Amino acid sequence: MNQYYQYYVEGETEEKILEVLKTDFRCIMPGKVKVFNVIEEKFSRSKLISLKRKTNVVLVFDTDSSDSSTLRANISFLEEQSVVRQVICIPQVKNLEEELIRCCNIRKMKGIITPRASPGPRRRRLLCLSKGQGTDTYVACTRSGE
């Protein structure tokens with residue numbers, strides 16, 4: 001049986017990171033990634049029209065908000081929908097580097113570097129986190145076992 005995944009992330013940075021984790025690292029299940037803040041916005045049936053039957057919905061969100069009523073309402077709403085197989089919540093509770101280390105089987109972070117300073121061993125992967133004024137920011141990662 002095919003399993004479908006739909007990821008809802010808080011912002012463009014999380015969207016970019018999940019795309020890299022999905023395609024380059026292959027450490028999360030393939031699926032569509034959409035920007036939708038589940039802490040501040042409520043789901044509607046129209047948002048779920050594109051979901052295939054028995055889709056696993058993954059919610060990635062920050063825990064920096066003290067009001068969780070919208071999040072709870074969204075989880076309840078999703079659990080009631082026949083197209084949703086299960087709701088998986090991934091709260092972001094630490095800084096970005098610690099979260100990547102924990103969830104991607106990465107041994108350690110080499111720190112934030114620019115492309116010019118980037119050494120080139122094969123075991124190192126680069127995640128482009130943001131593009132700004134002609135300078136891209138990258139995180140160098142070493143996967144465990146490599």
# chains A, B, ... in the order shown; residues from 1 in each chain; ligands from 1

call {"tool": "residues_around", "arguments": {"residues": "A:Leu48", "least_positions_apart": "2", "cutoff": "10 Å", "atoms": "only C-alpha atoms", "output": "ChimeraX atom specification"}}
result
/A:6,43-46,50-52,78,81,83-84

call {"tool": "residues_around", "arguments": {"residues": "stretch 59-75 of chain A", "least_positions_apart": "5", "cutoff": "12 Å", "atoms": "only C-alpha atoms", "output": "ChimeraX atom specification"}}
result
/A:5-15,17-18,33-45,47-48,80-81,84,86-96,99

call {"tool": "atom_distance", "arguments": {"atom1": "atom CA of A:Ser82", "atom2": "atom CA of A:Cys27"}}
result
27.5 Å

call {"tool": "closest_residue", "arguments": {"among": "A:Met29, A:Lys16, A:Val57, A:Asp24", "to": "A:Phe77", "atoms": "only C-alpha atoms"}}
result
A:Val57
